[in-house]
Every structure is written in structure tokens, then in C-alpha cells.
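Worksheet: the structure to be examined is printed underneath.
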Amino acid sequence: MSDTPEYTPPKIWTWNKANGGRFANINRPIAGPTHDKELPVGRHPLQLYSLATPNGVKVTVMLEELLAAGHTGAEYDAWLIRIGEGDQFGSGFVGINPNSKIPALLDRSGPTPIRVFESGAILMHLAEKFGAFLPTEAAPRAECLSWLFWQMGSAPYLGGGFGHFYAYAPSKMEYPIDRFAMEVKRQLDVLDRRLAESEFLGGPDYTIADIAVWPWYGGLVNGWLYNAAEFLQVQDYKNLRRWTDLIGARPAVQRGRMVNRVQGEPSSQLHERHDASDFETKTQDKLAPNPA
């Protein structure tokens, strides 16, 4: 039984600014910048503009993994984009990502800067640039990319579908919550079955497939997304839990989660990252509070 009145769509849809739930102040049906604002540029070859949402964490984990593997060319500056304040609609950010979504990367390592947007594209760009975390042989490469693009196609049902209606919509509605909970449970089962036969998603090696999937589905298993772990009974997916713990124990993953993070314990928040030493000296617990 529905707990909301029957809705009949009008003949022509019109934008109701007040009907967007938690993110109504930043959602809009048009693209393009809302204001002029240039982006800062640091000293490293790679300039990342992001926030520690699951999509943002993918890229900071990748960069930290590359550095841990000895790829010094992966040094980066990570600048905070506060999406709740509309930073993603500044002209500089829109110039890198016309879709106004984080993360966005500017690769300045060559003679002409290269913009890369969409987290999956950024992971592939970095993997191919450094020859890391992406198999070169045809069969394992295809398996890795299949799981990478599985994530890109599946996560909107978890985030924009289940997460929105379960946690963020202005009212609770049985039908969409049931519909998307069912789909997320199916996705968890897909992952659990795969991880029953393989240590990592792409095979025996850790790849960008794991880096892409873990912030979303590992975060869900760990109870970090939507406060929905009990609702979805994530403890039932034992192989997924094994993999979640395995990835989460990696030091580069732990560092990547801290970058551009603005929630949680102050010691876990590194709002900007410009040097490896920042993890020790510039987390929020170590910075002097701004004067009132």
C-alpha cells in the first residue's frame, strides 16, 4: 500500500525548486556555470578537484595507490569542491567538467593540459598513463573493464535510486524504496557470487575495478552509506565482506578516504592534499580553528 497520494504527471513537466529534498538548493534542469570562479592550480602534474563522496574517493585512492607503487609522476594537488555550496557550478570547474559533477582532473604533465571527467574515465586515464592496476592481456583486461563499467552502470541505482529515496527524499515512499532496495540486494548478490570465486573482482590481482567498486559497495557493507547496513542485511554477503575488509586494510585506501573529506572525525579529514606530509600535519584536528 502506498503512503502517498496518487500522482498524475502533468502534460508538461515544470521545475519545482522546493520539491527536491535535501539537495534542492543545488539541483537544476540546466547545465552551465552559475558564476565566474577560476580554479586554483598547485605545483604537481595532476590537479584534482573533488569531494570525498564515493566517486571522489575512487580517484584519491587510485592516486595514493600509484604513489605507493612508486609512480612519482602521480603526485597531485587535491582541491576541495563543496558541492553543497555550488562550487561545481563555477566557470573554472565547468570548464573541466561540463557535467558539473565531481571528481574532475586536469593533467598538466604534458605540453597541453588534458581535462578528464567522470570517475571511470579518470581511473582508466591514470591506469593507462602509468601502466598500473589495469591488465594488459586481453582476457583479464576485459574482465577488469567489465567490472569497472558494471560499477558505473549499477551505482546510480544504489545512490540516486535507493540512497535518495531511503535517506534524502522529503518523504518516505514505499514503492521506490522497495524497488531500489530489491535492486541493491541483487547487486550485492552479484558481487558476493563473483567474490566467492575470485580474490578480487577482475581476477587474482587488485585493479581499478576494485578501486571503483569499493567506495560504493564496500562503504555500504561498512555502514558508511545511508545508515542502511541493517536495513539491507549486508552481513549476509560473506564474500563481499571478506573483500571489503581486504581492500579497506590497504594503507593507500585509508589515505585516499581522507582526502577532500569534510565529515567524520577531524583526524580523518584532509580537506586539501598538496604533499604526502599533509596526512601527518594538516588534518582538521591539527589545524588551528579559525578565529570567531
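Residues are referred to by chain and number: the chain letter is A, B, ... according to the order shown in the C-alpha cells, the number counts from 1 in that chain, and ligands are numbered separately from 1 in the order shown.
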
- Task: For A:Ile114, work out the shell of residues within 10 Å, counting only C-alpha atoms and skipping chain neighbours fewer than 6 positions away, then give it as a list of chain:residue names.
- Result: A:Leu46, A:Ile96, A:Leu105, A:Leu106, A:Asp107, A:Arg108

Those selected residues, please, written with all heavy atoms and delivered as a PDB file, in the first residue's frame.
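What ended up in part.pdb:
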ATOM      1  N   LEU A  46      49.334  16.686 -11.615  1.00  0.00           N
ATOM      2  CA  LEU A  46      47.921  16.341 -11.603  1.00  0.00           C
ATOM      3  C   LEU A  46      47.169  17.234 -10.629  1.00  0.00           C
ATOM      4  O   LEU A  46      47.550  17.343  -9.458  1.00  0.00           O
ATOM      5  CB  LEU A  46      47.736  14.872 -11.221  1.00  0.00           C
ATOM      6  CG  LEU A  46      48.438  13.866 -12.143  1.00  0.00           C
ATOM      7  CD1 LEU A  46      48.318  12.458 -11.579  1.00  0.00           C
ATOM      8  CD2 LEU A  46      47.875  13.935 -13.562  1.00  0.00           C
ATOM      9  N   ILE A  96      36.334  22.272 -16.867  1.00  0.00           N
ATOM     10  CA  ILE A  96      36.945  20.944 -16.834  1.00  0.00           C
ATOM     11  C   ILE A  96      35.881  19.870 -16.950  1.00  0.00           C
ATOM     12  O   ILE A  96      36.060  18.867 -17.652  1.00  0.00           O
ATOM     13  CB  ILE A  96      37.761  20.756 -15.539  1.00  0.00           C
ATOM     14  CG1 ILE A  96      38.898  21.774 -15.484  1.00  0.00           C
ATOM     15  CG2 ILE A  96      38.332  19.344 -15.455  1.00  0.00           C
ATOM     16  CD1 ILE A  96      39.739  21.690 -14.229  1.00  0.00           C
ATOM     17  N   LEU A 105      39.590  16.080 -13.155  1.00  0.00           N
ATOM     18  CA  LEU A 105      41.053  16.039 -13.128  1.00  0.00           C
ATOM     19  C   LEU A 105      41.609  16.867 -14.274  1.00  0.00           C
ATOM     20  O   LEU A 105      41.115  16.788 -15.406  1.00  0.00           O
ATOM     21  CB  LEU A 105      41.541  14.599 -13.260  1.00  0.00           C
ATOM     22  CG  LEU A 105      43.065  14.379 -13.269  1.00  0.00           C
ATOM     23  CD1 LEU A 105      43.631  14.564 -11.866  1.00  0.00           C
ATOM     24  CD2 LEU A 105      43.406  12.989 -13.806  1.00  0.00           C
ATOM     25  N   LEU A 106      42.638  17.633 -13.990  1.00  0.00           N
ATOM     26  CA  LEU A 106      43.395  18.330 -15.016  1.00  0.00           C
ATOM     27  C   LEU A 106      44.813  17.773 -14.996  1.00  0.00           C
ATOM     28  O   LEU A 106      45.539  17.911 -14.003  1.00  0.00           O
ATOM     29  CB  LEU A 106      43.406  19.834 -14.762  1.00  0.00           C
ATOM     30  CG  LEU A 106      43.918  20.702 -15.916  1.00  0.00           C
ATOM     31  CD1 LEU A 106      42.995  20.578 -17.130  1.00  0.00           C
ATOM     32  CD2 LEU A 106      44.036  22.162 -15.485  1.00  0.00           C
ATOM     33  N   ASP A 107      45.180  17.107 -16.072  1.00  0.00           N
ATOM     34  CA  ASP A 107      46.510  16.512 -16.210  1.00  0.00           C
ATOM     35  C   ASP A 107      47.408  17.511 -16.929  1.00  0.00           C
ATOM     36  O   ASP A 107      47.267  17.739 -18.134  1.00  0.00           O
ATOM     37  CB  ASP A 107      46.402  15.200 -16.987  1.00  0.00           C
ATOM     38  CG  ASP A 107      47.737  14.464 -17.103  1.00  0.00           C
ATOM     39  OD1 ASP A 107      48.785  15.081 -16.823  1.00  0.00           O
ATOM     40  OD2 ASP A 107      47.729  13.289 -17.493  1.00  0.00           O
ATOM     41  N   ARG A 108      48.327  18.103 -16.181  1.00  0.00           N
ATOM     42  CA  ARG A 108      49.218  19.131 -16.703  1.00  0.00           C
ATOM     43  C   ARG A 108      50.636  18.601 -16.940  1.00  0.00           C
ATOM     44  O   ARG A 108      51.581  19.371 -17.020  1.00  0.00           O
ATOM     45  CB  ARG A 108      49.262  20.314 -15.719  1.00  0.00           C
ATOM     46  CG  ARG A 108      47.929  21.013 -15.533  1.00  0.00           C
ATOM     47  CD  ARG A 108      47.937  21.945 -14.316  1.00  0.00           C
ATOM     48  NE  ARG A 108      49.022  22.898 -14.342  1.00  0.00           N
ATOM     49  CZ  ARG A 108      48.953  24.105 -14.897  1.00  0.00           C
ATOM     50  NH1 ARG A 108      47.821  24.508 -15.483  1.00  0.00           N
ATOM     51  NH2 ARG A 108      49.988  24.923 -14.866  1.00  0.00           N
TER      52      ARG A 108
END

- Message: Need the shell around A:Ala276: protein/DNA/RNA residues with any atom at most 10 Å away, counting only C-alpha atoms. Skip same-chain ones fewer than 6 positions apart. Format as a list in words?
- Response: Glu64, Leu67, Glu75, Tyr76 and Arg255 of chain A

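When only C-alpha atoms are used to compute distances to A:Asp77, the closest of the residues A:Asp278, A:Glu6, A:Glu199, A:Glu272 turns out to be A:Glu272.
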
- Task: Apply DSSP to the structure's backbone, then extract all residues of stretch 46-137 of chain A labelled alpha helix (DSSP H) and return them as an MDAnalysis selection string.
- Result: chainID A and resid 54:68 91:96 119:130

Can those selected residues be exported to a file as a PDB file, in the first residue's frame so that it contains C-alpha atoms?
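Final output, selection_17.pdb:
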ATOM      1  CA  PRO A  54      32.293   7.522  -3.169  1.00  0.00           C
ATOM      2  CA  ASN A  55      33.044   8.794  -6.665  1.00  0.00           C
ATOM      3  CA  GLY A  56      35.665  11.183  -5.365  1.00  0.00           C
ATOM      4  CA  VAL A  57      37.271   8.530  -3.172  1.00  0.00           C
ATOM      5  CA  LYS A  58      37.840   6.318  -6.209  1.00  0.00           C
ATOM      6  CA  VAL A  59      40.308   8.816  -7.636  1.00  0.00           C
ATOM      7  CA  THR A  60      42.161   9.725  -4.457  1.00  0.00           C
ATOM      8  CA  VAL A  61      42.585   6.025  -3.670  1.00  0.00           C
ATOM      9  CA  MET A  62      43.940   5.467  -7.176  1.00  0.00           C
ATOM     10  CA  LEU A  63      46.414   8.309  -6.843  1.00  0.00           C
ATOM     11  CA  GLU A  64      47.590   7.143  -3.425  1.00  0.00           C
ATOM     12  CA  GLU A  65      47.953   3.580  -4.742  1.00  0.00           C
ATOM     13  CA  LEU A  66      50.046   4.829  -7.661  1.00  0.00           C
ATOM     14  CA  LEU A  67      52.310   6.768  -5.321  1.00  0.00           C
ATOM     15  CA  ALA A  68      52.621   3.764  -3.002  1.00  0.00           C
ATOM     16  CA  SER A  91      33.109  28.654 -14.518  1.00  0.00           C
ATOM     17  CA  GLY A  92      36.526  27.106 -13.906  1.00  0.00           C
ATOM     18  CA  PHE A  93      35.089  23.798 -12.775  1.00  0.00           C
ATOM     19  CA  VAL A  94      32.556  23.672 -15.593  1.00  0.00           C
ATOM     20  CA  GLY A  95      35.459  24.261 -17.975  1.00  0.00           C
ATOM     21  CA  ILE A  96      36.945  20.944 -16.834  1.00  0.00           C
ATOM     22  CA  SER A 119      35.447   8.832 -12.310  1.00  0.00           C
ATOM     23  CA  GLY A 120      35.695   5.744 -14.525  1.00  0.00           C
ATOM     24  CA  ALA A 121      37.399   7.762 -17.263  1.00  0.00           C
ATOM     25  CA  ILE A 122      39.839   9.200 -14.710  1.00  0.00           C
ATOM     26  CA  LEU A 123      40.713   5.728 -13.411  1.00  0.00           C
ATOM     27  CA  MET A 124      41.343   4.476 -16.945  1.00  0.00           C
ATOM     28  CA  HIS A 125      43.386   7.565 -17.838  1.00  0.00           C
ATOM     29  CA  LEU A 126      45.629   7.110 -14.818  1.00  0.00           C
ATOM     30  CA  ALA A 127      45.914   3.337 -15.209  1.00  0.00           C
ATOM     31  CA  GLU A 128      46.983   3.655 -18.839  1.00  0.00           C
ATOM     32  CA  LYS A 129      49.236   6.630 -18.159  1.00  0.00           C
ATOM     33  CA  PHE A 130      51.232   4.768 -15.505  1.00  0.00           C
TER      34      PHE A 130
END

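Closest approach to A:Trp224 from the set A:Arg242, A:Thr53, A:Lys185, A:Tyr166 is made by A:Thr53, with distances taken over only C-alpha atoms.
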
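Counting only C-alpha atoms, stretch 141-147 of chain A has the following residues at most 10 Å away, ignoring those fewer than 4 positions along the same chain: Gly120, Met124, Phe133, Leu134, Pro135, Thr136, Glu137, Gln151, Met152, Gly153, Leu191, Phe200, Leu201, Gly202, Gly203, Asp205, Tyr206, Thr207, Ile208, Ala209, Asp210, Ala212 and Val213 of chain A.
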
- For A:Trp216, which of A:Leu195, A:Arg273, A:Lys238, A:Gly159 is the closest residue, counting only C-alpha atoms? A:Gly159

- Query: Which polymer residues have any atom within 9 Å of an atom of A:Arg179, counting only C-alpha atoms, with same-chain residues fewer than 4 positions away left out, as a ChimeraX atom specification?
  - Reply: /A:161-162,174-175,183-184

Written selection (N, CA and C atoms) as a short mmCIF file (atom, residue, chain, number, x, y, z; two decimals), in the first residue's frame:
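Contents of the output file out-v1.cif:
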data_model
loop_
_atom_site.label_atom_id
_atom_site.label_comp_id
_atom_site.auth_asym_id
_atom_site.auth_seq_id
_atom_site.Cartn_x
_atom_site.Cartn_y
_atom_site.Cartn_z
N GLY A 161 19.08 6.15 -6.74
CA GLY A 161 17.84 5.41 -6.54
C GLY A 161 17.60 5.12 -5.07
N PHE A 162 18.22 4.06 -4.56
CA PHE A 162 17.98 3.66 -3.18
C PHE A 162 18.37 4.76 -2.19
N GLU A 174 6.97 3.99 -0.03
CA GLU A 174 7.20 2.55 -0.02
C GLU A 174 7.64 2.02 -1.38
N TYR A 175 6.96 2.42 -2.43
CA TYR A 175 7.26 1.81 -3.73
C TYR A 175 8.71 2.04 -4.18
N GLU A 183 16.81 -3.95 -5.99
CA GLU A 183 17.90 -3.90 -6.97
C GLU A 183 19.27 -3.88 -6.29
N VAL A 184 19.40 -3.14 -5.20
CA VAL A 184 20.69 -3.11 -4.49
C VAL A 184 21.00 -4.48 -3.90
#

- Residue contacts of A:Tyr49 (8 Å, only C-alpha atoms) excluding same-chain residues fewer than 5 positions away, as a list in words: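 Near A:Tyr49, the qualifying residues are Ala78, Trp79, Leu80, Ile81, Phe93, Ile102, Pro103, Ala104 and Leu105 of chain A.
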
- From a DSSP calculation on the backbone, collect every residue of stretch 11-134 of chain A in strand (DSSP E) and output the set as number ranges by chain. A: 46-50, 76-80, 104-107, 114-117

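Nearest residue to A:Phe149, choosing from A:Trp243, A:Gln269, A:Glu118, A:Ser198 and counting only C-alpha atoms: A:Glu118.
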
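The coordinates place atom CA of A:Gly160 at 22.4 Å from atom CA of A:Pro5.
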
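Closest approach to A:Ala52 from the set A:Ala155, A:Ile83, A:Leu287, A:Ala229 is made by A:Ile83, with distances taken over only C-alpha atoms.
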
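Between A:Asn260 and the candidates A:His164, A:His71, A:Arg82, A:Arg186, the tightest atom-to-atom separation, counting only C-alpha atoms, involves A:Arg82.
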
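For the pair atom CA of A:Glu38 and atom CA of A:Ser109, the separation is 19.9 Å.
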